[in-house]
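Colleague: So that you have it, the file is protein-v6.pdb, and it contains PDB, C-alpha atoms:
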ATOM      1  CA  MET N   1      11.730   9.907 232.218
ATOM      2  CA  ALA N   2      10.531  10.628 235.744
ATOM      3  CA  ASP N   3      12.189  13.418 237.702
ATOM      4  CA  LEU N   4      14.942  11.472 239.471
ATOM      5  CA  LYS N   5      15.031  13.683 242.534
ATOM      6  CA  GLU N   6      11.373  12.857 243.216
ATOM      7  CA  LEU N   7      11.962   9.085 243.219
ATOM      8  CA  LYS N   8      12.794   6.912 246.214
ATOM      9  CA  CYS N   9      15.628   4.415 246.309
ATOM     10  CA  VAL N  10      14.546   0.825 245.976
ATOM     11  CA  PRO N  11      16.304  -1.724 248.181
ATOM     12  CA  CYS N  12      19.202  -3.237 246.246
ATOM     13  CA  ARG N  13      20.505  -6.491 247.666
ATOM     14  CA  GLY N  14      22.449  -7.440 244.582
ATOM     15  CA  GLY N  15      21.472  -9.984 241.965
ATOM     16  CA  VAL N  16      21.059  -7.361 239.273
ATOM     17  CA  PRO N  17      23.750  -6.154 236.896
ATOM     18  CA  PRO N  18      25.126  -2.637 237.224
ATOM     19  CA  LEU N  19      23.820  -0.092 234.729
ATOM     20  CA  ASP N  20      25.403  -0.367 231.306
ATOM     21  CA  ASP N  21      26.641   2.537 229.187
ATOM     22  CA  LEU N  22      23.284   3.004 227.454
ATOM     23  CA  GLN N  23      21.398   3.125 230.734
ATOM     24  CA  ILE N  24      23.947   5.530 232.183
ATOM     25  CA  ALA N  25      23.534   7.753 229.111
ATOM     26  CA  LEU N  26      19.772   7.847 229.718
ATOM     27  CA  PHE N  27      20.113   9.014 233.334
ATOM     28  CA  LYS N  28      23.086  11.317 232.885
ATOM     29  CA  PRO N  29      21.199  14.365 231.485
ATOM     30  CA  GLN N  30      19.440  14.750 234.844
ATOM     31  CA  THR N  31      22.761  14.886 236.681
ATOM     32  CA  PRO N  32      24.890  16.960 234.280
ATOM     33  CA  GLU N  33      27.370  18.144 236.935
ATOM     34  CA  TRP N  34      28.339  14.623 237.972
ATOM     35  CA  GLN N  35      31.285  12.742 236.526
ATOM     36  CA  VAL N  36      31.081   9.027 235.855
ATOM     37  CA  ILE N  37      34.420   7.718 237.094
ATOM     38  CA  GLU N  38      35.915   4.263 237.473
ATOM     39  CA  VAL N  39      37.931   3.438 240.590
ATOM     40  CA  ASP N  40      39.129  -0.082 241.365
ATOM     41  CA  GLY N  41      37.082  -1.342 238.409
ATOM     42  CA  ILE N  42      33.859   0.099 239.852
ATOM     43  CA  MET N  43      31.875   2.832 238.091
ATOM     44  CA  ARG N  44      30.845   5.685 240.377
ATOM     45  CA  LEU N  45      29.163   9.082 240.212
ATOM     46  CA  GLN N  46      31.205  11.918 241.649
ATOM     47  CA  ARG N  47      30.755  15.647 242.104
ATOM     48  CA  THR N  48      32.745  18.200 244.089
ATOM     49  CA  PHE N  49      30.706  20.973 245.689
ATOM     50  CA  LYS N  50      32.423  24.261 246.529
ATOM     51  CA  LEU N  51      31.504  25.765 249.888
ATOM     52  CA  LYS N  52      32.653  28.914 251.659
ATOM     53  CA  ASN N  53      34.804  27.392 254.386
ATOM     54  CA  PHE N  54      35.235  24.289 256.519
ATOM     55  CA  ALA N  55      32.118  24.858 258.632
ATOM     56  CA  GLU N  56      29.904  25.136 255.571
ATOM     57  CA  ALA N  57      31.509  22.073 254.024
ATOM     58  CA  LEU N  58      30.836  20.085 257.194
ATOM     59  CA  ALA N  59      27.252  21.350 257.286
ATOM     60  CA  PHE N  60      26.741  20.141 253.713
ATOM     61  CA  THR N  61      28.292  16.777 254.586
ATOM     62  CA  ASN N  62      25.698  16.486 257.342
ATOM     63  CA  GLN N  63      22.885  17.371 254.951
ATOM     64  CA  VAL N  64      23.991  14.676 252.517
ATOM     65  CA  GLY N  65      24.456  12.295 255.451
ATOM     66  CA  ALA N  66      20.870  12.862 256.594
ATOM     67  CA  LEU N  67      19.646  12.211 253.064
ATOM     68  CA  ALA N  68      21.709   9.021 252.944
ATOM     69  CA  GLU N  69      20.230   7.771 256.201
ATOM     70  CA  ALA N  70      16.693   8.622 255.063
ATOM     71  CA  GLU N  71      17.133   6.593 251.870
ATOM     72  CA  ASP N  72      19.388   3.952 253.440
ATOM     73  CA  HIS N  73      21.915   4.411 250.642
ATOM     74  CA  HIS N  74      25.311   5.758 251.614
ATOM     75  CA  PRO N  75      28.008   7.634 249.711
ATOM     76  CA  ALA N  76      31.629   8.430 250.345
ATOM     77  CA  LEU N  77      31.879  12.043 251.515
ATOM     78  CA  VAL N  78      35.215  13.824 251.446
ATOM     79  CA  THR N  79      35.010  16.934 253.616
ATOM     80  CA  GLU N  80      37.788  19.504 253.233
ATOM     81  CA  TRP N  81      38.139  23.254 253.770
ATOM     82  CA  GLY N  82      35.755  24.829 251.250
ATOM     83  CA  LYS N  83      34.634  21.703 249.450
ATOM     84  CA  VAL N  84      32.878  18.378 249.703
ATOM     85  CA  THR N  85      33.332  15.585 247.190
ATOM     86  CA  VAL N  86      30.373  13.219 247.059
ATOM     87  CA  THR N  87      30.668   9.793 245.434
ATOM     88  CA  TRP N  88      27.735   7.454 244.898
ATOM     89  CA  TRP N  89      27.877   3.826 243.829
ATOM     90  CA  THR N  90      26.200   0.596 244.855
ATOM     91  CA  HIS N  91      28.490  -1.723 246.802
ATOM     92  CA  LYS N  92      26.305  -4.795 246.336
ATOM     93  CA  ILE N  93      26.528  -4.728 242.548
ATOM     94  CA  LYS N  94      29.991  -3.161 242.325
ATOM     95  CA  GLY N  95      28.737  -0.430 240.051
ATOM     96  CA  LEU N  96      26.001   2.064 239.332
ATOM     97  CA  HIS N  97      22.295   1.487 240.015
ATOM     98  CA  GLN N  98      19.368   3.788 239.324
ATOM     99  CA  ASN N  99      19.508   4.545 243.070
ATOM    100  CA  ASP N 100      22.836   6.307 242.572
ATOM    101  CA  PHE N 101      21.387   8.690 239.995
ATOM    102  CA  ILE N 102      18.404   9.297 242.275
ATOM    103  CA  MET N 103      20.758  10.159 245.126
ATOM    104  CA  ALA N 104      22.907  12.395 242.891
ATOM    105  CA  ALA N 105      19.794  14.321 241.832
ATOM    106  CA  LYS N 106      18.641  14.588 245.446
ATOM    107  CA  THR N 107      22.113  15.779 246.468
ATOM    108  CA  ASP N 108      21.950  18.555 243.855
ATOM    109  CA  ALA N 109      18.511  19.535 245.151
ATOM    110  CA  LEU N 110      19.930  20.165 248.641
ATOM    111  CA  LEU N 111      21.713  23.236 247.319
ATOM    112  CA  SER N 112      19.046  24.493 244.926
TER
ATOM    113  CA  MET S   1      59.034  15.061 274.371
ATOM    114  CA  ALA S   2      55.838  16.801 275.458
ATOM    115  CA  ASP S   3      52.555  14.909 275.205
ATOM    116  CA  LEU S   4      51.433  15.958 271.721
ATOM    117  CA  LYS S   5      47.742  15.763 272.452
ATOM    118  CA  GLU S   6      48.155  18.397 275.175
ATOM    119  CA  LEU S   7      49.791  20.909 272.833
ATOM    120  CA  LYS S   8      48.055  23.606 270.824
ATOM    121  CA  CYS S   9      48.618  24.189 267.136
ATOM    122  CA  VAL S  10      50.732  27.208 266.368
ATOM    123  CA  PRO S  11      49.690  29.373 263.425
ATOM    124  CA  CYS S  12      51.564  28.226 260.323
ATOM    125  CA  ARG S  13      51.604  30.747 257.507
ATOM    126  CA  GLY S  14      54.397  29.064 255.615
ATOM    127  CA  GLY S  15      58.020  30.122 255.453
ATOM    128  CA  VAL S  16      59.228  27.040 257.304
ATOM    129  CA  PRO S  17      60.264  23.766 255.740
ATOM    130  CA  PRO S  18      58.117  20.678 256.207
ATOM    131  CA  LEU S  19      59.330  18.169 258.787
ATOM    132  CA  ASP S  20      62.152  15.981 257.556
ATOM    133  CA  ASP S  21      62.458  12.231 258.062
ATOM    134  CA  LEU S  22      64.329  12.590 261.361
ATOM    135  CA  GLN S  23      61.751  14.957 262.795
ATOM    136  CA  ILE S  24      58.937  12.688 261.617
ATOM    137  CA  ALA S  25      60.664   9.744 263.309
ATOM    138  CA  LEU S  26      60.728  11.693 266.565
ATOM    139  CA  PHE S  27      56.996  12.426 266.532
ATOM    140  CA  LYS S  28      55.801   9.120 265.099
ATOM    141  CA  PRO S  29      55.937   7.043 268.327
ATOM    142  CA  GLN S  30      53.152   9.197 269.777
ATOM    143  CA  THR S  31      50.913   8.463 266.800
ATOM    144  CA  PRO S  32      51.669   4.787 266.143
ATOM    145  CA  GLU S  33      48.391   4.061 264.341
ATOM    146  CA  TRP S  34      48.957   6.732 261.712
ATOM    147  CA  GLN S  35      50.566   6.073 258.356
ATOM    148  CA  VAL S  36      52.883   8.596 256.779
ATOM    149  CA  ILE S  37      51.839   8.637 253.131
ATOM    150  CA  GLU S  38      52.840  10.699 250.131
ATOM    151  CA  VAL S  39      50.163  11.898 247.703
ATOM    152  CA  ASP S  40      50.910  14.346 244.883
ATOM    153  CA  GLY S  41      54.408  14.784 246.317
ATOM    154  CA  ILE S  42      53.042  15.897 249.697
ATOM    155  CA  MET S  43      53.663  13.939 252.897
ATOM    156  CA  ARG S  44      50.531  13.390 254.983
ATOM    157  CA  LEU S  45      49.410  11.561 258.116
ATOM    158  CA  GLN S  46      46.488   9.206 257.593
ATOM    159  CA  ARG S  47      44.448   6.868 259.751
ATOM    160  CA  THR S  48      41.200   5.002 259.097
ATOM    161  CA  PHE S  49      38.887   4.663 262.101
ATOM    162  CA  LYS S  50      36.346   1.837 262.129
ATOM    163  CA  LEU S  51      32.902   2.764 263.380
ATOM    164  CA  LYS S  52      29.688   0.754 263.750
ATOM    165  CA  ASN S  53      27.643   2.227 260.917
ATOM    166  CA  PHE S  54      27.147   5.379 258.870
ATOM    167  CA  ALA S  55      25.588   7.412 261.675
ATOM    168  CA  GLU S  56      28.527   6.738 263.991
ATOM    169  CA  ALA S  57      30.983   7.516 261.228
ATOM    170  CA  LEU S  58      29.268  10.844 260.583
ATOM    171  CA  ALA S  59      29.224  11.605 264.300
ATOM    172  CA  PHE S  60      32.976  11.006 264.474
ATOM    173  CA  THR S  61      33.500  13.218 261.414
ATOM    174  CA  ASN S  62      31.686  15.966 263.308
ATOM    175  CA  GLN S  63      33.856  15.429 266.378
ATOM    176  CA  VAL S  64      37.021  15.754 264.298
ATOM    177  CA  GLY S  65      35.469  18.728 262.510
ATOM    178  CA  ALA S  66      34.840  20.507 265.804
ATOM    179  CA  LEU S  67      38.433  19.841 266.847
ATOM    180  CA  ALA S  68      39.645  21.203 263.506
ATOM    181  CA  GLU S  69      37.642  24.390 263.920
ATOM    182  CA  ALA S  70      38.855  24.816 267.498
ATOM    183  CA  GLU S  71      42.499  24.583 266.407
ATOM    184  CA  ASP S  72      41.957  26.292 263.042
ATOM    185  CA  HIS S  73      43.730  23.435 261.287
ATOM    186  CA  HIS S  74      41.677  21.331 258.905
ATOM    187  CA  PRO S  75      42.011  17.774 257.634
ATOM    188  CA  ALA S  76      40.450  15.825 254.809
ATOM    189  CA  LEU S  77      37.738  13.584 256.259
ATOM    190  CA  VAL S  78      36.392  10.692 254.221
ATOM    191  CA  THR S  79      33.110   9.537 255.731
ATOM    192  CA  GLU S  80      31.775   6.149 254.606
ATOM    193  CA  TRP S  81      29.508   3.483 256.069
ATOM    194  CA  GLY S  82      31.402   2.170 259.108
ATOM    195  CA  LYS S  83      34.596   4.139 258.725
ATOM    196  CA  VAL S  84      36.223   7.540 258.612
ATOM    197  CA  THR S  85      39.611   8.186 257.058
ATOM    198  CA  VAL S  86      41.339  11.243 258.498
ATOM    199  CA  THR S  87      44.269  12.869 256.707
ATOM    200  CA  TRP S  88      46.325  15.688 258.177
ATOM    201  CA  TRP S  89      48.905  17.811 256.391
ATOM    202  CA  THR S  90      49.794  21.482 256.198
ATOM    203  CA  HIS S  91      48.776  23.097 252.932
ATOM    204  CA  LYS S  92      50.964  26.159 253.387
ATOM    205  CA  ILE S  93      54.188  24.174 253.543
ATOM    206  CA  LYS S  94      53.072  21.302 251.296
ATOM    207  CA  GLY S  95      54.012  18.732 253.885
ATOM    208  CA  LEU S  96      53.959  17.804 257.543
ATOM    209  CA  HIS S  97      54.275  20.254 260.428
ATOM    210  CA  GLN S  98      54.315  19.549 264.147
ATOM    211  CA  ASN S  99      50.690  20.753 264.092
ATOM    212  CA  ASP S 100      49.726  17.674 262.090
ATOM    213  CA  PHE S 101      51.123  15.323 264.712
ATOM    214  CA  ILE S 102      49.384  17.350 267.423
ATOM    215  CA  MET S 103      46.093  17.013 265.547
ATOM    216  CA  ALA S 104      46.638  13.282 264.953
ATOM    217  CA  ALA S 105      47.216  12.751 268.680
ATOM    218  CA  LYS S 106      44.140  14.833 269.521
ATOM    219  CA  THR S 107      42.085  12.855 266.994
ATOM    220  CA  ASP S 108      43.116   9.601 268.682
ATOM    221  CA  ALA S 109      42.141  11.079 272.054
ATOM    222  CA  LEU S 110      38.561  11.651 270.829
ATOM    223  CA  LEU S 111      37.983   7.909 270.873
ATOM    224  CA  SER S 112      39.959   7.028 273.981
TER
END
What is this file in structure tokens?
Modeller:
Amino acid sequence: MADLKELKCVPCRGGVPPLDDLQIALFKPQTPEWQVIEVDGIMRLQRTFKLKNFAEALAFTNQVGALAEAEDHHPALVTEWGKVTVTWWTHKIKGLHQNDFIMAAKTDALLS
Amino acid sequence: MADLKELKCVPCRGGVPPLDDLQIALFKPQTPEWQVIEVDGIMRLQRTFKLKNFAEALAFTNQVGALAEAEDHHPALVTEWGKVTVTWWTHKIKGLHQNDFIMAAKTDALLS
């Protein structure tokens, strides 16, 4: 499989099903630190990043925000003192899309 | 009562009880848009601000972040496309302190 962090998001305007368990299992090894969670019946990818303090957490939020704007795919970012929780999913299909795994891999790469 | 948004946070290192219902009722009229919620047994003040898009949401997150650093009191900030949810509480006392109402009022003032 291609290196997810090197891929670009493709526009997703709906009309495709969310990834199924088998597809998720294929992508997951490239994003081992991310949890697949279900909230309100929607599968999502979530990871909490530990940072040194509030300022560093906010700086990381801005880095992820810039990435989101560049790819036109937007997460939920919970900024707190010393940590940021990033959650990716695809609103249009109410679930996970390859784009979400791409963005998770790119998010990891920000700190590597 | 003093105008909350003009007050400064006082250092809170614990050792005082969280605000009780009567005290909360006294402060609440100055922060009418905020909900008092309880999560994990801890009372918190929460408000969701609607913004135009992701960039404006992130900009508002940074404004609240700068305020938090200035007062050395830090919220949880959920940044999403078109909205930011701000939650204030005081970790040290596992509940609400006057500081949280001060910060809520100051957060409102950022957009006024």
Colleague: How many Å separate CA of Arg44 in chain N from CA of Cys12 in chain N?
Modeller: 15.8 Å
Colleague: Hey, could you make a per-residue contact list for chain S against chain N with 12 Å as the cut-off, showing the nearest pair of atoms and its distance in Å to one decimal, counting all atoms listed in the file, sorted by chain and number, as CSV?
Modeller:
residue,atom,partner,partner_atom,distance
S:Asn53,CA,N:His74,CA,10.2
S:Phe54,CA,N:His74,CA,7.5
S:Ala55,CA,N:Glu69,CA,7.7
S:Glu56,CA,N:Gly65,CA,11.0
S:Ala57,CA,N:Gly65,CA,9.9
S:Leu58,CA,N:Gly65,CA,7.2
S:Ala59,CA,N:Asn62,CA,9.2
S:Phe60,CA,N:Asn62,CA,11.6
S:Thr61,CA,N:Leu58,CA,8.5
S:Asn62,CA,N:Leu58,CA,7.4
S:Gln63,CA,N:Leu58,CA,10.7
S:Val64,CA,N:Leu58,CA,10.4
S:Gly65,CA,N:Leu58,CA,7.2
S:Ala66,CA,N:Ala55,CA,8.8
S:Leu67,CA,N:Ala55,CA,11.5
S:Ala68,CA,N:Phe54,CA,8.8
S:Glu69,CA,N:Ala55,CA,7.7
S:Ala70,CA,N:Ala55,CA,11.1
S:Asp72,CA,N:Phe54,CA,9.6
S:His73,CA,N:Trp81,CA,9.4
S:His74,CA,N:Trp81,CA,6.5
S:Pro75,CA,N:Glu80,CA,6.3
S:Ala76,CA,N:Glu80,CA,4.8
S:Leu77,CA,N:Thr79,CA,5.1
S:Val78,CA,N:Val78,CA,4.3
S:Thr79,CA,N:Leu77,CA,5.1
S:Glu80,CA,N:Ala76,CA,4.8
S:Trp81,CA,N:His74,CA,6.5
S:Gly82,CA,N:His74,CA,10.3
S:Lys83,CA,N:Ala76,CA,9.9
S:Val84,CA,N:Leu77,CA,9.5
S:Thr85,CA,N:Val78,CA,9.1
S:Val86,CA,N:Val78,CA,9.7
S:Thr87,CA,N:Glu80,CA,9.9
S:Trp88,CA,N:Glu80,CA,10.6
S:Trp89,CA,N:Glu80,CA,11.7
S:His91,CA,N:Trp81,CA,10.7
Colleague: Determine the residue set returned by the PyMOL selection byres ((chain S and resi 17-22) around 10) for the present structure, and present it as a list in words.
Modeller: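 Selected by the PyMOL selection byres ((chain S and resi 17-22) around 10) here: Gly14, Gly15, Val16, Gln23, Ile24, Ala25, Leu26, Phe27, Lys28, Ile42, Met43, Trp89, Thr90, Lys92, Ile93, Lys94, Gly95, Leu96, His97 and Gln98 of chain S.
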Colleague: Please put the answer as lines of an AutoDock Vina configuration file: centre and edge lengths, in Å with one decimal, of a box along x, y and z that encloses all listed atoms of range 26-38 of chain S plus 3 Å on each side.
Modeller:
center_x = 54.6
center_y = 8.2
center_z = 260.0
size_x = 18.3
size_y = 14.4
size_z = 25.6
Colleague: What gap, in Å, lies between CA of Glu6 in chain N and CA of Gln46 in chain N?
Modeller: 19.9 Å
Colleague: Please identify all polymer residues within 9 Å of Gln30 in chain N, counting only C-alpha atoms, omitting same-chain residues fewer than 2 positions from it, and present them as a PyMOL selection string.
Modeller: chain N and resi 3-5+26-28+32-33+101+105
Colleague: What does the distance between CA of Asn99 in chain N and CA of Leu51 in chain N come to in Å, to one decimal place?
Modeller: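 Distance reported for this atom pair: 25.3 Å.
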